[in-house]
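Visitor: Please see the structure below; I have some questions.
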Amino acid sequence: MTQNLWMNILLSIGFLAALGTVLSVLLILAEKKILNYGECLIDINDGKKTIPVQGGSSLLSSLSENEIFIPSACGGRGSCAYCKVQVKEGGGMIGPVETPSLSGDEIKNNIRLSCQVKVRSDIFISIPDEIFSVKHFTGKVVHKKPLTHDIIELKIALTKPENIDFTAGQYLQIETREYKGREQVSRAYSLSSVPSDTRSVELIIRKVPEGISTTWVFDHLKEGDPVNFSGPYGDFRLSDTDSPVVFIAGGSGIAPIWSMLRDMKEKGIARTAYYFFGALSQRDLFFLDELRSLEEELGWFTFIPALSHEPDNSGWEGERGLITDVVRRCLPDLNGFEAYLCGSPGMIDACIKVLTESGIPEENIFYDKFA
Amino acid sequence: MKQSPDQSDLMKNFSPSKFSAGGFLGTDTRTIGEIISADLKVLEKNDIEKEALAGTLQSWYDRAKAAMGGETEIAPGVTAMYHEARGKIPSPFRGEGTFEKGDVVLREASSGKEVVLTCLSIHLIRAHGFFQGKGQRFRVDPADIIDIIKRTGTQ
């Protein structure tokens with residue numbers, strides 16, 4: 001008797017689970033095959049570009065099929081939250097996958113995860129103009145040069161297309177290859193090369209323990225290997241003013257600053273500039289000779305390396321202490337300055353506090369946060 | 001133990017993925033529920049709430065982060081060092097948003113024992129009592145952490 005009852009319960013649960021699965025599959029098939037949304041238009045930036053697409057796909061993939069590449073790292077699963085765009089009209093309701101990734105302000109401003117927005121009717125969106133110039137590239141590794149114990153410089157010569165146009169401060173998304181069962185992933189790295197070199201790109205990469213991408217770069221990628229990437233992305237760039245500048249970055253955060261400084265030199269942009277290079281100890285410093293010779297060559301540039309954990313008896317004669325304390329000590333009055341920072345969120349937040357206290361309004365502090 | 005389709009789907013989020021090289025379960029063969037239940041028993045035995053423990057870990061994390069990569073002593077004999085990393089990682093419990101990468105390595109000088117903390121691992125402890133599977137670099141073994149807390153009197 002009891003055995004029959006349990007059997008009936010199990011059969012009922014099994015039946016309900018099977019029914020649920022069948023219904024889900026039918027709904028997906030109906031969405032894909034039966035519902036025909038026909039041709040829909042994606043209007044970008046108030047008519048700057050209008051793309052006809054077959055309705056039913058995600059906004060992210062519809063844009064990508066038309067060679068408009070929105071940054072994404074999760075392959076459209078709604079988990080990385082990189083693919084945000086402003087959907088002014090036609091995006092439907094915000095889905096439950098999106099809400100945790102959007103702030104109150106973003107929801108108010110109709111920011112959506114483009115991978116979660118289905119194009120079911122004409123849709124009106126707004127994206128940064130820079131996105132239009134994003135392309136997919138293939139290249140070949142020219143060198144992998146160690147800069148410190150955990151940082152390398154990676155140089156990639158472009159093979160297709162053969163040229164890239166970018167602004168100093170922008171970044172690329174490198175696509176790794178599968179290795180040891182790891183999935184292919186895309187990760188962002190700032191360009192450290194100068195924009196005048198259009199035939200190759202350079203990146204400065206720090207090894208992250210168990211990082212999928214950096215392990216691939218450090219342990220699997222070899223000179224001569226092909227590499228795929230997309231870009232350039234981002235709006236971190238030098239403003240068009242004459243204001244004096246303070247740059248702050250350490251480790252791999254030096255990449256966009258190194259690009260900007262050399263770009264300034266090439267273009268004859270002689271704005272007073274200080275570069276504070278924060279590191280733990282001497283073994284974490286690199287490009288010292290290059291930066292010092294830039295300082296000798298350019299009357300407007302001052303280079304200040306600072307070490308926070310250098311042994312007292314090491315003979316280091318430069319600045320010591322946390323980079324925030326060194327900036328405060330060296331430049332107590334920063335009225336009229338602009339600041340450019342690159343690094344971890346903690347470093348950026350601490351620097352913003354010091355810089356605003358020293359007289360730079362927040363709107364004149366520009367940064368590339370590792371987030 | 002046989003798993004329901006929901007559990008099996010959830011397990012997929014905890015496996016190695018585009019975001020987590022080793023996944024969240026390491027070499028542990030137990031289900032997520034079994035891992036959580038066993039770890040919460042350790043907390044219960046020591047009369048510690050998961051929220052309070054997460055609060056302590058968060059304060060250690062913040063102190064190490066403020067040192068910008070330098071080694072800092074968070075308690076007698078225990079140091080912490082922050083390592084930056086670019087990007088964000090989503091919670092394996094979907095719909096909880098993304099968490100900044102970067103980690104803090106706690107190191108106990110006498111035993112050489114290390115525990116790695118991340119924003120996500122602290123969230124998983126606070127929200128779900130999930131300390132991650134054994135053999136996973138980011139597992140925060142409750143017994144190890146409680147041992148540090150007790151010996152250093154930091155809670």
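Each chain of the structure tokens is named A, B, ... in the order shown, its residues numbered from 1; ligands are numbered from 1 in display order.
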Would you write out, as JSON lines, a table of all residues in chain B that have an atom no more than 8 Å from an atom of chain A, listing for each the closest atom pair and the distance in Å to one decimal, considering only C-alpha atoms and ordering rows by chain and rising residue number?
Guide:
```
{"residue": "B:Pro16", "atom": "CA", "partner": "A:Arg182", "partner_atom": "CA", "distance": 7.4}
{"residue": "B:Ser17", "atom": "CA", "partner": "A:Glu183", "partner_atom": "CA", "distance": 6.5}
{"residue": "B:Lys18", "atom": "CA", "partner": "A:Val185", "partner_atom": "CA", "distance": 5.6}
{"residue": "B:Phe19", "atom": "CA", "partner": "A:Ile212", "partner_atom": "CA", "distance": 7.7}
{"residue": "B:Ser20", "atom": "CA", "partner": "A:Ile212", "partner_atom": "CA", "distance": 7.4}
{"residue": "B:Ala21", "atom": "CA", "partner": "A:Ile212", "partner_atom": "CA", "distance": 5.6}
{"residue": "B:Gly22", "atom": "CA", "partner": "A:Glu210", "partner_atom": "CA", "distance": 7.8}
{"residue": "B:Lys65", "atom": "CA", "partner": "A:Gly346", "partner_atom": "CA", "distance": 6.2}
{"residue": "B:Ala66", "atom": "CA", "partner": "A:Gly346", "partner_atom": "CA", "distance": 6.5}
{"residue": "B:Ala67", "atom": "CA", "partner": "A:Leu322", "partner_atom": "CA", "distance": 7.6}
{"residue": "B:Met68", "atom": "CA", "partner": "A:Met347", "partner_atom": "CA", "distance": 6.2}
{"residue": "B:Gly69", "atom": "CA", "partner": "A:Leu280", "partner_atom": "CA", "distance": 7.0}
{"residue": "B:Gly70", "atom": "CA", "partner": "A:Leu280", "partner_atom": "CA", "distance": 6.3}
{"residue": "B:Glu84", "atom": "CA", "partner": "A:Ser344", "partner_atom": "CA", "distance": 5.7}
{"residue": "B:Ala85", "atom": "CA", "partner": "A:Val208", "partner_atom": "CA", "distance": 6.5}
{"residue": "B:Arg86", "atom": "CA", "partner": "A:Phe370", "partner_atom": "CA", "distance": 4.2}
{"residue": "B:Gly87", "atom": "CA", "partner": "A:Ala371", "partner_atom": "CA", "distance": 4.3}
{"residue": "B:Lys88", "atom": "CA", "partner": "A:Ala371", "partner_atom": "CA", "distance": 5.8}
{"residue": "B:Ile89", "atom": "CA", "partner": "A:Cys80", "partner_atom": "CA", "distance": 6.7}
{"residue": "B:Pro90", "atom": "CA", "partner": "A:Ser79", "partner_atom": "CA", "distance": 5.6}
{"residue": "B:Arg94", "atom": "CA", "partner": "A:Val97", "partner_atom": "CA", "distance": 7.6}
{"residue": "B:Gly95", "atom": "CA", "partner": "A:Val97", "partner_atom": "CA", "distance": 5.4}
{"residue": "B:Glu96", "atom": "CA", "partner": "A:Pro100", "partner_atom": "CA", "distance": 5.5}
{"residue": "B:Gly97", "atom": "CA", "partner": "A:Pro100", "partner_atom": "CA", "distance": 4.5}
{"residue": "B:Thr98", "atom": "CA", "partner": "A:Ser101", "partner_atom": "CA", "distance": 6.6}
{"residue": "B:Glu100", "atom": "CA", "partner": "A:Ala371", "partner_atom": "CA", "distance": 5.9}
{"residue": "B:Lys101", "atom": "CA", "partner": "A:Ala371", "partner_atom": "CA", "distance": 7.3}
```
Visitor: Extract the full set of strand (DSSP E or B) residues from region 29-66 of chain A according to DSSP on the backbone, and format it as a list in words.
Guide: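 Secondary structure check on region 29-66 of chain A, strand (DSSP E or B): Glu39, Cys40, Leu41, Ile42, Asp43, Ile44, Lys49, Thr50, Ile51, Pro52, Val53, Gln54 and Ser58 of chain A.
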Visitor: Any chance you could export the current selection's C-alpha atoms as a PDB file, in the first residue's frame?
Guide:
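Wrote selection_38.pdb, looks like this:
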```
ATOM      1  CA  GLU A  39      12.100  43.073 -40.289  1.00  0.00           C
ATOM      2  CA  CYS A  40      12.768  45.530 -37.473  1.00  0.00           C
ATOM      3  CA  LEU A  41      14.874  48.672 -37.477  1.00  0.00           C
ATOM      4  CA  ILE A  42      17.571  49.500 -34.962  1.00  0.00           C
ATOM      5  CA  ASP A  43      17.931  53.274 -34.822  1.00  0.00           C
ATOM      6  CA  ILE A  44      21.278  54.255 -33.315  1.00  0.00           C
ATOM      7  CA  LYS A  49      22.797  54.881 -38.245  1.00  0.00           C
ATOM      8  CA  THR A  50      19.734  52.730 -38.943  1.00  0.00           C
ATOM      9  CA  ILE A  51      20.060  48.982 -39.352  1.00  0.00           C
ATOM     10  CA  PRO A  52      17.345  46.661 -40.670  1.00  0.00           C
ATOM     11  CA  VAL A  53      17.466  43.287 -38.870  1.00  0.00           C
ATOM     12  CA  GLN A  54      15.332  40.166 -38.702  1.00  0.00           C
ATOM     13  CA  SER A  58      19.070  39.750 -29.002  1.00  0.00           C
TER      14      SER A  58
END
```
Visitor: Write out as a PyMOL selection string each polymer residue whose atoms come within 10 Å of region 191-199 of chain A, counting only C-alpha atoms; drop sequence neighbours fewer than 3 positions from it.
Guide: chain A and resi 139+153-159+161-172+188+202-204+231-233+252-264+266-267
Visitor: Limited to N, CA and C atoms, could you put the picked residues into a file as a compact mmCIF listing (two decimals), in the first residue's frame?
Guide:
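File written: part-v5.txt
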```txt
# COMPACT_ATOMS: atom_id res chain seq x y z
N GLY A 139 46.05 39.06 -35.31
CA GLY A 139 47.44 39.51 -35.29
C GLY A 139 48.34 38.37 -34.91
N GLU A 153 55.24 42.70 -21.24
CA GLU A 153 54.76 43.53 -22.34
C GLU A 153 54.50 42.59 -23.51
N LEU A 154 53.30 42.69 -24.08
CA LEU A 154 52.93 41.84 -25.21
C LEU A 154 52.79 42.72 -26.45
N LYS A 155 53.55 42.38 -27.48
CA LYS A 155 53.45 43.15 -28.73
C LYS A 155 52.83 42.26 -29.80
N ILE A 156 51.80 42.78 -30.46
CA ILE A 156 51.09 42.00 -31.49
C ILE A 156 51.12 42.78 -32.80
N ALA A 157 51.64 42.15 -33.85
CA ALA A 157 51.61 42.79 -35.18
C ALA A 157 50.28 42.44 -35.83
N LEU A 158 49.63 43.42 -36.43
CA LEU A 158 48.30 43.19 -37.02
C LEU A 158 48.45 42.47 -38.36
N THR A 159 47.58 41.48 -38.58
CA THR A 159 47.58 40.82 -39.88
C THR A 159 46.31 41.15 -40.67
N PRO A 161 42.47 43.38 -39.98
CA PRO A 161 43.06 44.34 -40.90
C PRO A 161 44.49 44.69 -40.47
N GLU A 162 45.19 45.35 -41.35
CA GLU A 162 46.62 45.61 -41.08
C GLU A 162 46.87 46.88 -40.29
N ASN A 163 45.82 47.68 -40.10
CA ASN A 163 45.98 48.95 -39.40
C ASN A 163 44.90 49.14 -38.35
N ILE A 164 45.27 49.87 -37.31
CA ILE A 164 44.29 50.20 -36.26
C ILE A 164 44.39 51.69 -35.95
N ASP A 165 43.23 52.32 -35.77
CA ASP A 165 43.19 53.72 -35.33
C ASP A 165 42.66 53.74 -33.91
N PHE A 166 43.43 54.32 -33.01
CA PHE A 166 42.93 54.43 -31.64
C PHE A 166 43.46 55.70 -30.99
N THR A 167 42.86 56.02 -29.85
CA THR A 167 43.30 57.18 -29.08
C THR A 167 44.02 56.66 -27.84
N ALA A 168 45.09 57.34 -27.47
CA ALA A 168 45.83 56.91 -26.26
C ALA A 168 44.87 56.88 -25.08
N GLY A 169 44.85 55.76 -24.36
CA GLY A 169 43.95 55.60 -23.21
C GLY A 169 42.90 54.52 -23.45
N GLN A 170 42.71 54.12 -24.71
CA GLN A 170 41.67 53.13 -25.02
C GLN A 170 42.17 51.70 -24.75
N TYR A 171 41.24 50.75 -24.82
CA TYR A 171 41.61 49.36 -24.54
C TYR A 171 41.10 48.40 -25.60
N LEU A 172 41.64 47.18 -25.55
CA LEU A 172 41.23 46.10 -26.46
C LEU A 172 40.60 44.98 -25.66
N ALA A 188 39.67 42.50 -21.12
CA ALA A 188 40.09 43.84 -21.54
C ALA A 188 41.50 44.18 -21.07
N GLU A 202 50.62 47.23 -28.42
CA GLU A 202 51.34 46.73 -27.24
C GLU A 202 50.43 46.79 -26.03
N LEU A 203 50.56 45.78 -25.18
CA LEU A 203 49.76 45.71 -23.96
C LEU A 203 50.69 45.39 -22.80
N ILE A 204 50.33 45.83 -21.60
CA ILE A 204 51.11 45.50 -20.41
C ILE A 204 50.21 44.68 -19.50
N GLY A 231 38.44 45.93 -30.80
CA GLY A 231 38.69 47.24 -30.21
C GLY A 231 38.79 48.31 -31.29
N PRO A 232 39.20 49.52 -30.96
CA PRO A 232 39.46 49.99 -29.61
C PRO A 232 38.18 50.38 -28.88
N TYR A 233 38.18 50.22 -27.55
CA TYR A 233 37.04 50.58 -26.72
C TYR A 233 37.45 51.67 -25.73
N SER A 252 50.33 47.23 -14.03
CA SER A 252 49.85 47.23 -15.41
C SER A 252 49.02 48.48 -15.71
N GLY A 253 48.65 49.22 -14.66
CA GLY A 253 47.89 50.47 -14.85
C GLY A 253 48.68 51.54 -15.58
N ILE A 254 49.99 51.31 -15.72
CA ILE A 254 50.82 52.29 -16.44
C ILE A 254 50.47 52.32 -17.93
N ALA A 255 49.86 51.25 -18.45
CA ALA A 255 49.68 51.11 -19.91
C ALA A 255 49.09 52.35 -20.60
N PRO A 256 47.90 52.81 -20.20
CA PRO A 256 47.34 53.96 -20.92
C PRO A 256 48.14 55.24 -20.71
N ILE A 257 48.78 55.35 -19.53
CA ILE A 257 49.56 56.57 -19.23
C ILE A 257 50.82 56.59 -20.12
N TRP A 258 51.45 55.44 -20.27
CA TRP A 258 52.65 55.31 -21.11
C TRP A 258 52.30 55.68 -22.55
N SER A 259 51.12 55.29 -22.98
CA SER A 259 50.65 55.64 -24.33
C SER A 259 50.40 57.14 -24.44
N MET A 260 49.73 57.70 -23.43
CA MET A 260 49.39 59.13 -23.45
C MET A 260 50.65 60.01 -23.45
N LEU A 261 51.63 59.66 -22.57
CA LEU A 261 52.83 60.49 -22.45
C LEU A 261 53.59 60.55 -23.78
N ARG A 262 53.75 59.38 -24.41
CA ARG A 262 54.50 59.37 -25.67
C ARG A 262 53.71 60.03 -26.79
N ASP A 263 52.37 59.91 -26.71
CA ASP A 263 51.52 60.58 -27.69
C ASP A 263 51.63 62.10 -27.55
N MET A 264 51.70 62.57 -26.28
CA MET A 264 51.86 64.01 -26.03
C MET A 264 53.18 64.49 -26.62
N GLU A 266 54.94 63.14 -29.10
CA GLU A 266 54.89 63.12 -30.57
C GLU A 266 54.09 64.28 -31.14
N LYS A 267 53.00 64.62 -30.43
CA LYS A 267 52.12 65.67 -30.95
C LYS A 267 52.52 67.06 -30.46
```
Visitor: Can you list, as a ChimeraX atom specification, every residue of region 102-231 of chain A that DSSP puts in helix (DSSP H, G or I)?
Guide: /A:104-108,129-133,212-220
Visitor: May I have the residues from that selection written out with C-alpha atoms, as an mmCIF file, in the first residue's frame?
Guide:
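This is the output file selection.cif:
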```
data_model
loop_
_atom_site.group_PDB
_atom_site.id
_atom_site.type_symbol
_atom_site.label_atom_id
_atom_site.label_comp_id
_atom_site.auth_asym_id
_atom_site.auth_seq_id
_atom_site.Cartn_x
_atom_site.Cartn_y
_atom_site.Cartn_z
ATOM 1 C CA GLY A 104 18.967 52.898 -9.848
ATOM 2 C CA ASP A 105 20.335 55.696 -12.035
ATOM 3 C CA GLU A 106 20.949 53.305 -14.903
ATOM 4 C CA ILE A 107 17.386 51.975 -14.727
ATOM 5 C CA LYS A 108 16.101 55.564 -14.652
ATOM 6 C CA ASP A 129 30.270 57.058 -31.056
ATOM 7 C CA GLU A 130 33.578 55.226 -30.466
ATOM 8 C CA ILE A 131 31.743 51.903 -30.733
ATOM 9 C CA PHE A 132 31.249 52.497 -34.478
ATOM 10 C CA SER A 133 34.984 52.220 -35.035
ATOM 11 C CA ILE A 212 41.889 32.342 -17.153
ATOM 12 C CA SER A 213 43.169 34.953 -19.568
ATOM 13 C CA THR A 214 46.494 35.895 -17.979
ATOM 14 C CA THR A 215 47.407 32.216 -17.461
ATOM 15 C CA TRP A 216 46.843 31.734 -21.182
ATOM 16 C CA VAL A 217 48.967 34.769 -22.034
ATOM 17 C CA PHE A 218 51.796 33.884 -19.630
ATOM 18 C CA ASP A 219 51.899 30.088 -19.921
ATOM 19 C CA HIS A 220 50.456 29.164 -23.319
#
```
Visitor: Give me the residues within 12 Å of Ser110 (chain B) as a compact mmCIF listing (two decimals) with C-alpha atoms, in the first residue's frame, counting only C-alpha atoms and dropping any in the same chain fewer than 4 places off.
Guide:
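Printed below is result-v9.txt as written:
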```
# COMPACT_ATOMS: atom_id res chain seq x y z
CA PRO B 76 48.94 39.51 15.71
CA GLY B 77 50.70 36.99 13.49
CA VAL B 78 48.26 37.34 10.58
CA THR B 79 49.08 39.43 7.52
CA GLU B 114 46.78 30.90 3.65
CA ILE B 148 42.45 32.70 13.27
CA ARG B 151 43.70 32.94 18.42
```
